[in-house]
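Pasting run.cif here (mmCIF, C-alpha atoms and all ligand atoms):
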data_structure
#
loop_
_atom_site.label_atom_id
_atom_site.label_comp_id
_atom_site.auth_asym_id
_atom_site.auth_seq_id
_atom_site.Cartn_x
_atom_site.Cartn_y
_atom_site.Cartn_z
CA MET A 1 -3.23 68.19 -21.87
CA ALA A 2 -6.12 67.38 -24.17
CA TYR A 3 -5.98 68.30 -27.83
CA LEU A 4 -8.75 69.54 -30.07
CA LYS A 5 -8.88 70.74 -33.66
CA ILE A 6 -11.60 73.16 -34.74
CA ASP A 7 -12.19 73.60 -38.44
CA THR A 8 -13.18 77.23 -38.99
CA GLY A 9 -13.96 76.56 -42.64
CA ARG A 10 -10.91 78.51 -43.79
CA TYR A 11 -8.14 77.18 -41.56
CA PRO A 12 -7.76 74.90 -38.55
CA VAL A 13 -7.46 76.10 -34.96
CA HIS A 14 -5.52 73.59 -32.85
CA ILE A 15 -6.04 73.85 -29.09
CA GLY A 16 -4.22 72.10 -26.24
CA ASN A 17 -1.09 70.06 -26.75
CA ILE A 18 -0.38 71.62 -30.13
CA TYR A 19 3.21 70.56 -30.61
CA PRO A 20 2.70 67.33 -32.59
CA ALA A 21 0.34 69.11 -35.01
CA LEU A 22 2.69 72.08 -35.26
CA ALA A 23 5.70 69.85 -35.91
CA SER A 24 3.89 68.03 -38.75
CA PHE A 25 2.66 71.32 -40.21
CA LEU A 26 6.20 72.71 -40.28
CA SER A 27 7.78 69.63 -41.77
CA GLU A 28 5.08 68.85 -44.35
CA LYS A 29 4.79 72.28 -45.95
CA HIS A 30 8.41 72.67 -47.14
CA PHE A 31 8.82 76.37 -46.41
CA SER A 32 11.96 77.97 -47.81
CA SER A 33 12.70 79.85 -44.58
CA MET A 34 11.03 80.54 -41.24
CA PHE A 35 10.56 83.88 -39.49
CA LEU A 36 9.50 84.00 -35.88
CA LEU A 37 7.95 87.27 -34.70
CA VAL A 38 8.17 87.90 -30.95
CA ASP A 39 8.18 90.74 -28.44
CA GLU A 40 10.47 90.81 -25.38
CA ASN A 41 7.87 89.06 -23.19
CA THR A 42 6.93 86.25 -25.55
CA LEU A 43 10.64 85.76 -26.24
CA GLU A 44 11.26 85.32 -22.52
CA HIS A 45 8.18 83.30 -21.59
CA CYS A 46 6.98 81.42 -24.66
CA TYR A 47 9.93 80.94 -26.97
CA PRO A 48 11.73 78.43 -24.66
CA SER A 49 8.75 76.05 -24.66
CA LEU A 50 8.51 76.25 -28.44
CA ALA A 51 12.25 75.71 -28.87
CA ASP A 52 12.10 72.67 -26.55
CA ALA A 53 9.26 71.07 -28.46
CA ILE A 54 10.09 71.84 -32.08
CA PRO A 55 13.48 70.78 -33.45
CA GLY A 56 15.36 73.47 -35.36
CA VAL A 57 13.55 76.54 -34.00
CA GLU A 58 16.93 78.04 -33.04
CA SER A 59 17.76 78.34 -36.71
CA TYR A 60 14.63 80.38 -37.53
CA HIS A 61 15.10 84.10 -38.16
CA LEU A 62 13.95 85.90 -35.05
CA ILE A 63 12.26 89.28 -35.51
CA LYS A 64 11.83 91.23 -32.28
CA ILE A 65 9.43 94.13 -31.95
CA LEU A 66 8.88 95.98 -28.67
CA SER A 67 5.63 95.03 -26.91
CA GLY A 68 2.61 97.29 -26.57
CA GLU A 69 -0.12 98.88 -28.65
CA LYS A 70 2.11 101.91 -29.20
CA HIS A 71 4.34 99.75 -31.37
CA LYS A 72 1.51 98.55 -33.62
CA THR A 73 2.75 101.01 -36.22
CA LEU A 74 4.11 101.41 -39.70
CA GLU A 75 7.60 101.84 -38.20
CA SER A 76 7.40 98.34 -36.72
CA CYS A 77 6.18 96.98 -40.06
CA GLN A 78 9.18 98.57 -41.67
CA GLN A 79 11.44 96.63 -39.29
CA VAL A 80 9.67 93.39 -40.19
CA TRP A 81 9.80 94.00 -43.96
CA GLU A 82 13.43 95.04 -43.62
CA GLN A 83 14.34 91.75 -41.93
CA LEU A 84 12.41 89.73 -44.49
CA THR A 85 14.20 91.55 -47.29
CA LEU A 86 17.68 91.38 -45.75
CA GLN A 87 17.25 87.65 -45.12
CA GLN A 88 16.02 87.25 -48.70
CA ALA A 89 12.69 85.74 -47.76
CA ASP A 90 10.94 84.52 -50.89
CA ARG A 91 7.26 83.79 -51.44
CA LYS A 92 7.62 80.36 -49.85
CA ALA A 93 8.78 81.78 -46.53
CA LEU A 94 6.68 81.34 -43.39
CA MET A 95 5.94 83.97 -40.74
CA ILE A 96 5.15 82.62 -37.28
CA ASN A 97 3.53 85.13 -34.93
CA LEU A 98 4.35 84.00 -31.38
CA SER A 99 2.50 86.79 -29.64
CA GLY A 100 -0.57 88.49 -28.31
CA GLY A 101 -3.01 90.34 -30.56
CA VAL A 102 -0.76 93.34 -31.22
CA LEU A 103 1.89 91.36 -33.06
CA SER A 104 -0.48 88.83 -34.63
CA ASP A 105 -2.35 91.74 -36.23
CA LEU A 106 0.92 93.39 -37.27
CA GLY A 107 2.69 90.19 -38.32
CA GLY A 108 -0.33 89.06 -40.35
CA PHE A 109 -0.44 92.45 -42.06
CA CYS A 110 3.30 92.38 -42.87
CA ALA A 111 3.07 88.82 -44.18
CA ALA A 112 0.02 89.59 -46.31
CA SER A 113 1.75 92.51 -47.99
CA TYR A 114 5.32 91.23 -48.33
CA LYS A 115 5.84 90.17 -51.96
CA ARG A 116 2.03 90.24 -52.29
CA GLY A 117 1.62 87.71 -49.53
CA ILE A 118 3.51 84.96 -47.75
CA THR A 119 2.02 82.30 -45.49
CA PHE A 120 1.67 83.08 -41.79
CA ILE A 121 0.50 81.17 -38.75
CA ASN A 122 -0.45 82.43 -35.30
CA ILE A 123 0.59 80.98 -31.97
CA PRO A 124 -1.39 83.28 -29.64
CA THR A 125 0.09 83.79 -26.20
CA THR A 126 -2.52 85.97 -24.44
CA LEU A 127 -6.07 84.98 -23.53
CA LEU A 128 -7.41 87.79 -25.71
CA SER A 129 -5.52 86.64 -28.78
CA MET A 130 -6.51 83.01 -28.12
CA VAL A 131 -10.26 83.65 -27.90
CA ASP A 132 -10.69 86.67 -30.13
CA ALA A 133 -7.86 87.54 -32.53
CA SER A 134 -7.56 83.84 -33.45
CA VAL A 135 -10.75 83.93 -35.53
CA GLY A 136 -12.04 86.39 -38.07
CA GLY A 137 -9.20 87.19 -40.45
CA LYS A 138 -8.64 90.80 -39.46
CA VAL A 139 -5.05 92.07 -39.57
CA GLY A 140 -3.69 95.59 -39.46
CA ILE A 141 -1.93 98.39 -37.66
CA ASP A 142 -2.80 101.69 -35.99
CA PHE A 143 -2.20 104.90 -37.92
CA LEU A 144 -2.16 108.58 -36.87
CA GLY A 145 -3.64 107.56 -33.54
CA TYR A 146 -6.57 105.63 -35.05
CA LYS A 147 -6.83 101.99 -34.06
CA ASN A 148 -6.62 99.43 -36.87
CA GLN A 149 -6.82 102.22 -39.44
CA ILE A 150 -4.76 100.36 -42.04
CA GLY A 151 -5.47 96.69 -42.57
CA LEU A 152 -7.25 93.97 -44.42
CA PHE A 153 -9.04 90.67 -44.18
CA THR A 154 -6.74 87.72 -44.65
CA ASN A 155 -6.42 84.38 -42.93
CA PRO A 156 -3.53 82.60 -41.27
CA GLU A 157 -2.77 79.13 -42.61
CA ALA A 158 -3.42 77.75 -39.13
CA VAL A 159 -3.69 78.80 -35.49
CA PHE A 160 -2.06 76.86 -32.65
CA ILE A 161 -3.36 77.65 -29.14
CA PHE A 162 -1.29 76.41 -26.20
CA PRO A 163 -3.13 77.34 -22.97
CA GLU A 164 0.03 76.64 -20.92
CA PHE A 165 1.29 80.05 -22.08
CA LEU A 166 -1.34 81.65 -19.84
CA LYS A 167 0.68 80.64 -16.76
CA THR A 168 3.02 83.61 -17.21
CA LEU A 169 0.44 86.11 -18.46
CA PRO A 170 -0.03 88.99 -15.96
CA ALA A 171 -3.40 88.81 -14.13
CA ARG A 172 -4.49 92.15 -15.55
CA GLN A 173 -3.95 90.89 -19.11
CA LEU A 174 -5.78 87.66 -18.32
CA LYS A 175 -8.82 89.58 -17.11
CA SER A 176 -8.73 91.74 -20.22
CA GLY A 177 -9.12 88.61 -22.38
CA PHE A 178 -11.81 87.28 -20.06
CA ALA A 179 -13.93 90.35 -20.87
CA GLU A 180 -14.09 89.23 -24.52
CA MET A 181 -15.19 85.75 -23.42
CA LEU A 182 -17.96 87.32 -21.33
CA LYS A 183 -18.97 89.25 -24.43
CA HIS A 184 -19.33 85.96 -26.32
CA GLY A 185 -21.67 84.80 -23.57
CA PHE A 186 -23.66 88.05 -23.50
CA ILE A 187 -24.32 88.02 -27.24
CA ALA A 188 -24.70 84.32 -28.00
CA ASP A 189 -24.84 81.94 -25.04
CA LYS A 190 -26.52 82.74 -21.73
CA GLN A 191 -25.48 79.47 -20.10
CA TYR A 192 -21.82 80.06 -21.00
CA LEU A 193 -22.08 83.56 -19.52
CA ASN A 194 -23.34 82.14 -16.21
CA GLU A 195 -20.60 79.53 -16.21
CA LEU A 196 -17.93 82.20 -16.77
CA PHE A 197 -19.30 84.43 -14.02
CA GLU A 198 -19.07 81.51 -11.60
CA ARG A 199 -15.37 80.97 -12.30
CA ASP A 200 -12.63 82.24 -10.03
CA LEU A 201 -10.15 83.75 -12.47
CA GLN A 202 -7.21 83.28 -10.08
CA ASN A 203 -7.75 79.55 -10.01
CA ILE A 204 -8.27 78.42 -13.56
CA SER A 205 -5.57 76.00 -14.66
CA PRO A 206 -4.43 75.68 -18.30
CA THR A 207 -6.39 72.40 -18.45
CA ASP A 208 -9.54 74.21 -17.29
CA TRP A 209 -8.96 76.99 -19.81
CA HIS A 210 -8.93 74.50 -22.65
CA PRO A 211 -12.72 73.88 -23.03
CA LEU A 212 -13.53 77.54 -22.33
CA ILE A 213 -11.18 78.78 -25.04
CA ALA A 214 -12.58 76.17 -27.43
CA HIS A 215 -16.13 77.30 -26.68
CA SER A 216 -15.35 80.95 -27.30
CA VAL A 217 -13.52 80.12 -30.54
CA ASN A 218 -16.54 78.09 -31.68
CA LEU A 219 -19.02 80.83 -30.78
CA LYS A 220 -17.05 83.52 -32.59
CA ASN A 221 -16.44 81.27 -35.57
CA LYS A 222 -20.13 80.46 -35.94
CA ILE A 223 -20.88 84.17 -36.21
CA VAL A 224 -17.95 85.08 -38.49
CA LYS A 225 -18.68 82.17 -40.83
CA GLN A 226 -22.13 83.57 -41.59
CA ASP A 227 -20.83 87.08 -42.29
CA PRO A 228 -17.04 87.15 -42.88
CA LYS A 229 -16.85 90.79 -44.05
CA GLU A 230 -19.07 92.27 -41.29
CA SER A 231 -21.95 93.46 -43.40
CA GLY A 232 -24.60 92.19 -40.99
CA LEU A 233 -24.64 89.58 -38.23
CA ARG A 234 -20.92 89.86 -37.43
CA LYS A 235 -21.63 93.32 -36.06
CA ILE A 236 -23.05 91.71 -32.90
CA LEU A 237 -19.42 91.05 -31.93
CA ASN A 238 -19.19 94.82 -31.43
CA PHE A 239 -21.33 94.66 -28.29
CA GLY A 240 -19.53 96.77 -25.65
CA HIS A 241 -17.15 98.06 -28.30
CA THR A 242 -18.90 101.20 -29.59
CA ILE A 243 -18.62 102.93 -26.24
CA GLY A 244 -15.65 100.73 -25.23
CA HIS A 245 -13.43 101.81 -28.12
CA ALA A 246 -14.17 105.49 -27.43
CA LEU A 247 -13.29 104.99 -23.75
CA GLU A 248 -10.14 103.08 -24.68
CA SER A 249 -8.85 105.72 -27.05
CA TYR A 250 -9.82 108.51 -24.59
CA SER A 251 -7.90 106.68 -21.83
CA PHE A 252 -4.73 106.70 -23.96
CA SER A 253 -4.67 110.48 -23.65
CA THR A 254 -4.77 110.27 -19.83
CA SER A 255 -2.37 109.04 -17.16
CA MET A 256 -4.48 105.89 -16.68
CA PRO A 257 -4.66 104.07 -20.02
CA LEU A 258 -7.05 101.09 -20.02
CA LEU A 259 -6.36 97.69 -21.51
CA HIS A 260 -8.67 96.76 -24.36
CA GLY A 261 -10.71 94.29 -22.28
CA GLU A 262 -11.07 96.78 -19.41
CA ALA A 263 -12.47 99.39 -21.79
CA ILE A 264 -14.79 96.76 -23.25
CA ALA A 265 -15.97 95.79 -19.76
CA ALA A 266 -16.86 99.44 -19.09
CA GLY A 267 -18.43 99.65 -22.56
CA MET A 268 -20.53 96.55 -21.88
CA MET A 269 -21.77 98.02 -18.59
CA LEU A 270 -22.96 101.19 -20.31
CA GLU A 271 -24.35 99.33 -23.31
CA LEU A 272 -26.25 97.00 -20.94
CA LEU A 273 -28.00 100.11 -19.63
CA LEU A 274 -28.80 101.22 -23.17
CA SER A 275 -30.04 97.70 -23.97
CA LYS A 276 -32.42 97.92 -21.01
CA ASP A 277 -33.71 101.34 -22.07
CA LEU A 278 -33.90 100.74 -25.84
CA CYS A 279 -34.22 97.00 -26.41
CA ARG A 280 -36.21 95.98 -23.35
CA LEU A 281 -33.44 93.88 -21.89
CA ASP A 282 -34.77 92.40 -18.65
CA GLU A 283 -34.20 94.75 -15.70
CA ASN A 284 -33.19 92.07 -13.20
CA PHE A 285 -30.74 90.52 -15.63
CA THR A 286 -29.23 93.96 -16.32
CA ALA A 287 -28.82 94.78 -12.62
CA ASP A 288 -27.30 91.37 -11.88
CA ALA A 289 -24.88 91.51 -14.83
CA LEU A 290 -23.77 95.01 -13.82
CA LEU A 291 -23.02 93.85 -10.28
CA LYS A 292 -21.00 90.92 -11.55
CA LEU A 293 -19.00 93.04 -13.99
CA GLN A 294 -18.32 95.59 -11.26
CA ALA A 295 -17.12 92.83 -8.92
CA LEU A 296 -14.79 91.51 -11.59
CA PHE A 297 -13.42 94.94 -12.52
CA PRO A 298 -13.41 96.86 -9.19
CA GLU A 299 -10.60 99.10 -10.46
CA LEU A 300 -12.99 100.64 -12.98
CA ARG A 301 -14.76 102.38 -10.10
CA LEU A 302 -11.68 104.52 -9.64
CA TRP A 303 -11.60 105.37 -13.30
CA SER A 304 -13.58 108.23 -14.73
CA PHE A 305 -13.84 110.15 -17.95
CA THR A 306 -15.13 113.40 -19.37
CA VAL A 307 -18.23 112.89 -21.49
CA GLU A 308 -17.48 115.38 -24.25
CA PRO A 309 -14.22 113.93 -25.65
CA VAL A 310 -15.64 110.40 -25.41
CA MET A 311 -18.75 111.47 -27.36
CA LYS A 312 -16.53 113.16 -29.93
CA ARG A 313 -14.57 109.96 -30.47
CA MET A 314 -17.72 107.90 -30.84
CA LEU A 315 -19.26 110.25 -33.36
CA MET A 316 -16.09 110.09 -35.48
CA GLU A 317 -16.52 106.31 -35.89
CA LYS A 318 -17.22 104.93 -39.34
CA LYS A 319 -20.33 103.06 -38.17
CA ASN A 320 -22.50 106.18 -37.79
CA PHE A 321 -25.52 106.87 -39.89
CA ASN A 322 -27.67 110.03 -40.13
CA GLY A 323 -26.19 111.48 -36.95
CA ASN A 324 -27.10 108.38 -34.94
CA VAL A 325 -24.58 105.90 -33.58
CA MET A 326 -25.24 102.37 -34.79
CA MET A 327 -24.81 99.89 -31.97
CA ALA A 328 -24.98 96.20 -31.20
CA LEU A 329 -27.17 95.81 -28.09
CA LEU A 330 -28.85 92.97 -26.23
CA GLU A 331 -32.55 92.24 -26.40
CA ALA A 332 -32.24 89.22 -24.12
CA PRO A 333 -29.43 87.41 -22.29
CA GLY A 334 -27.47 85.56 -25.01
CA LYS A 335 -29.27 87.39 -27.80
CA ALA A 336 -27.86 90.47 -29.50
CA VAL A 337 -29.24 92.74 -32.20
CA PHE A 338 -27.20 94.97 -34.48
CA ASP A 339 -27.66 98.32 -36.24
CA VAL A 340 -29.67 99.81 -33.39
CA ALA A 341 -29.69 103.56 -34.09
CA VAL A 342 -28.94 105.38 -30.85
CA THR A 343 -29.15 109.18 -30.65
CA SER A 344 -26.28 111.17 -29.16
CA GLU A 345 -28.67 112.42 -26.45
CA GLN A 346 -29.41 108.85 -25.37
CA ILE A 347 -25.72 107.99 -25.26
CA GLU A 348 -24.82 111.16 -23.38
CA LYS A 349 -27.49 110.49 -20.78
CA THR A 350 -26.08 107.01 -20.24
CA LEU A 351 -22.45 108.14 -20.09
CA LEU A 352 -23.39 110.64 -17.38
CA LYS A 353 -24.36 107.70 -15.13
CA TRP A 354 -20.66 106.78 -14.82
CA PRO A 355 -19.31 105.76 -12.34
CA LEU A 356 -22.20 103.36 -11.87
CA LYS A 357 -23.64 102.92 -8.40
CA SER A 358 -23.29 99.45 -6.89
N1 LIG B 1 -7.59 90.56 -35.28
C1 LIG B 1 -8.58 90.48 -34.44
O1 LIG B 1 -9.64 89.95 -34.73
C2 LIG B 1 -8.42 91.08 -33.08
C3 LIG B 1 -9.36 90.80 -32.09
C4 LIG B 1 -9.17 91.34 -30.83
C5 LIG B 1 -8.08 92.15 -30.57
N2 LIG B 1 -7.18 92.40 -31.57
C6 LIG B 1 -6.00 93.26 -31.31
O2 LIG B 1 -5.23 92.66 -30.29
C7 LIG B 1 -4.49 93.65 -29.61
C8 LIG B 1 -4.51 93.36 -28.13
O3 LIG B 1 -3.97 92.07 -27.95
P1 LIG B 1 -3.45 91.54 -26.55
O4 LIG B 1 -4.41 91.90 -25.49
O5 LIG B 1 -3.07 90.14 -26.76
O6 LIG B 1 -2.18 92.48 -26.26
P2 LIG B 1 -0.62 92.35 -26.51
O7 LIG B 1 -0.31 91.62 -27.74
O8 LIG B 1 -0.09 93.72 -26.35
O9 LIG B 1 -0.14 91.48 -25.25
C9 LIG B 1 -0.32 91.99 -23.96
C10 LIG B 1 0.98 91.99 -23.14
O10 LIG B 1 1.24 90.66 -22.68
C11 LIG B 1 2.57 90.26 -23.01
N3 LIG B 1 2.52 88.81 -23.20
C12 LIG B 1 1.98 88.15 -24.25
N4 LIG B 1 1.94 86.84 -24.01
C13 LIG B 1 2.50 86.66 -22.78
C14 LIG B 1 2.73 85.51 -21.97
N5 LIG B 1 2.34 84.29 -22.34
N6 LIG B 1 3.32 85.69 -20.77
C15 LIG B 1 3.68 86.93 -20.35
N7 LIG B 1 3.45 88.06 -21.05
C16 LIG B 1 2.88 87.91 -22.26
C17 LIG B 1 2.90 91.08 -24.25
O11 LIG B 1 4.26 91.20 -24.43
C18 LIG B 1 2.22 92.40 -23.91
O12 LIG B 1 3.04 93.14 -23.05
C19 LIG B 1 -5.10 94.99 -29.99
O13 LIG B 1 -4.21 95.66 -30.85
C20 LIG B 1 -6.37 94.61 -30.75
O14 LIG B 1 -6.68 95.54 -31.76
C21 LIG B 1 -7.33 91.88 -32.80
ZN ZN B 2 -12.49 93.49 -28.53
#
Encoded form using structure tokens:
Amino acid sequence: MAYLKIDTGRYPVHIGNIYPALASFLSEKHFSSMFLLVDENTLEHCYPSLADAIPGVESYHLIKILSGEKHKTLESCQQVWEQLTLQQADRKALMINLSGGVLSDLGGFCAASYKRGITFINIPTTLLSMVDASVGGKVGIDFLGYKNQIGLFTNPEAVFIFPEFLKTLPARQLKSGFAEMLKHGFIADKQYLNELFERDLQNISPTDWHPLIAHSVNLKNKIVKQDPKESGLRKILNFGHTIGHALESYSFSTSMPLLHGEAIAAGMMLELLLSKDLCRLDENFTADALLKLQALFPELRLWSFTVEPVMKRMLMEKKNFNGNVMMALLEAPGKAVFDVAVTSEQIEKTLLKWPLKS
């Protein structure tokens, strides 16, 4: 498999056959001890490949946390800090997050706060964590039911992306990550969006994933680099997320919880409609994009929500201003704008169109 190194400006992202670069990183840095954070699935599916390729991994301290967003909590952090303390990790210890976005957010947060900060690296194992959580320096945990309520900006020392891990990722999880890649296309690269829509998700090999992951990492990095703390331009990455997050958190209170990317796909559909109404996004483009998203996420047609609790969740968000909801919308394919003030009436009217007609 090909190998590529992207310099984000703050740390390198290695993509492809990462093992030689990972082996040199581990041997050159002289860490006092190594901690490997996994969940039961990454332990089963990803750990063996790592242990085969990197000598001595068996002697690392393994920290296991149960998988799932519901474990992205302070209790899980306590387990991690407990292990670090019991194993006498000092400030020269290394935390390796071999995981999807849940544990890379949590592991990064634990590492950043243990003894005021130890080094951590991410080896993302889901498509979502490869293309999205790998760039941007956000770490954190959920608290009292609010997503990413406690957290901070801090960067890993390096990220190592091995697309081969995608072979064991469940199809539903793969599609969830794909939604974030589509978002990158929607907001910043029309040609990339078309290319993604033409792909057959079932038949993308790890080798084919390689350039696509690299492109998404580059697109996100270009945006984050200009506005690391999200005071302006970086907000365009929230396209699909204002409504999407409200749908996601609403779905957790139902018997049909959505994955993050599924909620974002639904959010993008509704925010495409708002973009057409408020930002003059081309009508034909909007209709075509909606059809393609619906074809990719047919299961969303069977999913519905009640407008009132979703509105309530959206209005509680920190991004609101003067009673309006501030959104990132599209003014053209591949071109997003941020801080568009949308009234609750406009949002409600759009939400009532769900489920969208095909
Ligand atoms: N920090 C950021 O910038 C950022 C960006 C986007 C999302 N996130 C966070 O990421 C989280 C979602 O991440 P996610 O979608 O990766 O979910 P996840 O970490 O829960 O992983 C999804 C599921 O796939 C399993 N899994 C992981 N890799 C596997 C593999 N190779 N083979 C088989 N199974 C595997 C996991 O055990 C889990 O059950 C959310 O908490 C979100 O807030 C953070
Ligand atoms: Zn997202």
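Counting from atom CA of A:Ala266, the distance to atom CA of A:Asn320 is 20.7 Å.
Among the candidates A:Asp105, A:Glu82, A:Glu157, A:Asp90, the one nearest to A:Leu22 when counting all atoms listed in the file is A:Glu157.
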Could you build a table of the residues in chain A lying no more than 10 Å from ligand ZN 2 (chain B), giving for each the nearest pair of atoms and their separation in Å rounded to one decimal place, using only C-alpha atoms and all ligand atoms, ordered by chain and ascending residue number, as JSON lines?
{"residue": "A:Leu128", "atom": "CA", "partner": "B:ZN2", "partner_atom": "ZN", "distance": 8.1}
{"residue": "A:Ser129", "atom": "CA", "partner": "B:ZN2", "partner_atom": "ZN", "distance": 9.8}
{"residue": "A:Asp132", "atom": "CA", "partner": "B:ZN2", "partner_atom": "ZN", "distance": 7.2}
{"residue": "A:Ala133", "atom": "CA", "partner": "B:ZN2", "partner_atom": "ZN", "distance": 8.5}
{"residue": "A:Ser176", "atom": "CA", "partner": "B:ZN2", "partner_atom": "ZN", "distance": 9.3}
{"residue": "A:Gly177", "atom": "CA", "partner": "B:ZN2", "partner_atom": "ZN", "distance": 8.5}
{"residue": "A:Ala179", "atom": "CA", "partner": "B:ZN2", "partner_atom": "ZN", "distance": 8.4}
{"residue": "A:Glu180", "atom": "CA", "partner": "B:ZN2", "partner_atom": "ZN", "distance": 6.1}
{"residue": "A:Met181", "atom": "CA", "partner": "B:ZN2", "partner_atom": "ZN", "distance": 9.7}
{"residue": "A:Lys183", "atom": "CA", "partner": "B:ZN2", "partner_atom": "ZN", "distance": 8.8}
{"residue": "A:Leu237", "atom": "CA", "partner": "B:ZN2", "partner_atom": "ZN", "distance": 8.1}
{"residue": "A:Asn238", "atom": "CA", "partner": "B:ZN2", "partner_atom": "ZN", "distance": 7.4}
{"residue": "A:Phe239", "atom": "CA", "partner": "B:ZN2", "partner_atom": "ZN", "distance": 8.9}
{"residue": "A:Gly240", "atom": "CA", "partner": "B:ZN2", "partner_atom": "ZN", "distance": 8.3}
{"residue": "A:His241", "atom": "CA", "partner": "B:ZN2", "partner_atom": "ZN", "distance": 6.5}
{"residue": "A:Gly244", "atom": "CA", "partner": "B:ZN2", "partner_atom": "ZN", "distance": 8.6}
{"residue": "A:His245", "atom": "CA", "partner": "B:ZN2", "partner_atom": "ZN", "distance": 8.4}
{"residue": "A:His260", "atom": "CA", "partner": "B:ZN2", "partner_atom": "ZN", "distance": 6.5}
{"residue": "A:Gly261", "atom": "CA", "partner": "B:ZN2", "partner_atom": "ZN", "distance": 6.5}
{"residue": "A:Glu262", "atom": "CA", "partner": "B:ZN2", "partner_atom": "ZN", "distance": 9.8}
{"residue": "A:Ala263", "atom": "CA", "partner": "B:ZN2", "partner_atom": "ZN", "distance": 9.0}
{"residue": "A:Ile264", "atom": "CA", "partner": "B:ZN2", "partner_atom": "ZN", "distance": 6.6}
{"residue": "A:Ala265", "atom": "CA", "partner": "B:ZN2", "partner_atom": "ZN", "distance": 9.7}
Go through chain A and flag each residue having an atom no more than 6 Å from ligand LIG 1 (chain B); for those, report the closest pair of atoms plus their distance in Å to one decimal, using all atoms listed in the file, ordered by chain and rising number, as a tab-separated table.
residue	atom	partner	partner_atom	distance
A:Asp39	CA	B:LIG1	O11	5.6
A:Asn41	CA	B:LIG1	O11	4.4
A:Thr42	CA	B:LIG1	C13	5.2
A:His45	CA	B:LIG1	N6	5.5
A:Cys46	CA	B:LIG1	N5	5.9
A:Ser67	CA	B:LIG1	O11	4.8
A:Gly68	CA	B:LIG1	O8	4.5
A:Glu69	CA	B:LIG1	O8	5.6
A:Ser99	CA	B:LIG1	C12	5.6
A:Gly100	CA	B:LIG1	O7	3.2
A:Gly101	CA	B:LIG1	O2	3.2
A:Val102	CA	B:LIG1	O7	3.9
A:Leu103	CA	B:LIG1	O7	5.8
A:Asp105	CA	B:LIG1	N1	5.5
A:Thr125	CA	B:LIG1	N4	4.2
A:Thr126	CA	B:LIG1	N4	4.6
A:Leu128	CA	B:LIG1	O5	5.0
A:Ser129	CA	B:LIG1	O5	4.7
A:Asp132	CA	B:LIG1	C3	4.8
A:Ala133	CA	B:LIG1	C1	3.6
A:Gly136	CA	B:LIG1	O1	5.4
A:Lys138	CA	B:LIG1	N1	4.3
A:Val139	CA	B:LIG1	N1	5.2
A:Phe165	CA	B:LIG1	N5	4.4
A:Leu166	CA	B:LIG1	N5	5.2
A:Thr168	CA	B:LIG1	N6	4.1
A:Leu169	CA	B:LIG1	N6	3.7
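For stretch 187-197 of chain A, the set of protein, DNA and RNA residues having any atom at most 7 Å away, when counting only C-alpha atoms and skipping those fewer than 5 positions along the same chain, is Leu182, Ile236, Leu330, Pro333, Gly334, Lys335 and Ala336 of chain A.
The residue that comes closest to A:Met34, out of A:Ile121, A:Met1, A:Leu66, A:Ile161 and on the basis of all atoms listed in the file, is A:Ile121.
The smallest atom-to-atom distance between A:Glu308 and any of A:Leu219, A:Leu352, A:Val340, A:Leu272, using only C-alpha atoms, is found for A:Leu352.
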Checklist outcome for this item: One decimal place gives the atom CA of A:His14-atom CA of A:Phe162 separation as 8.4 Å
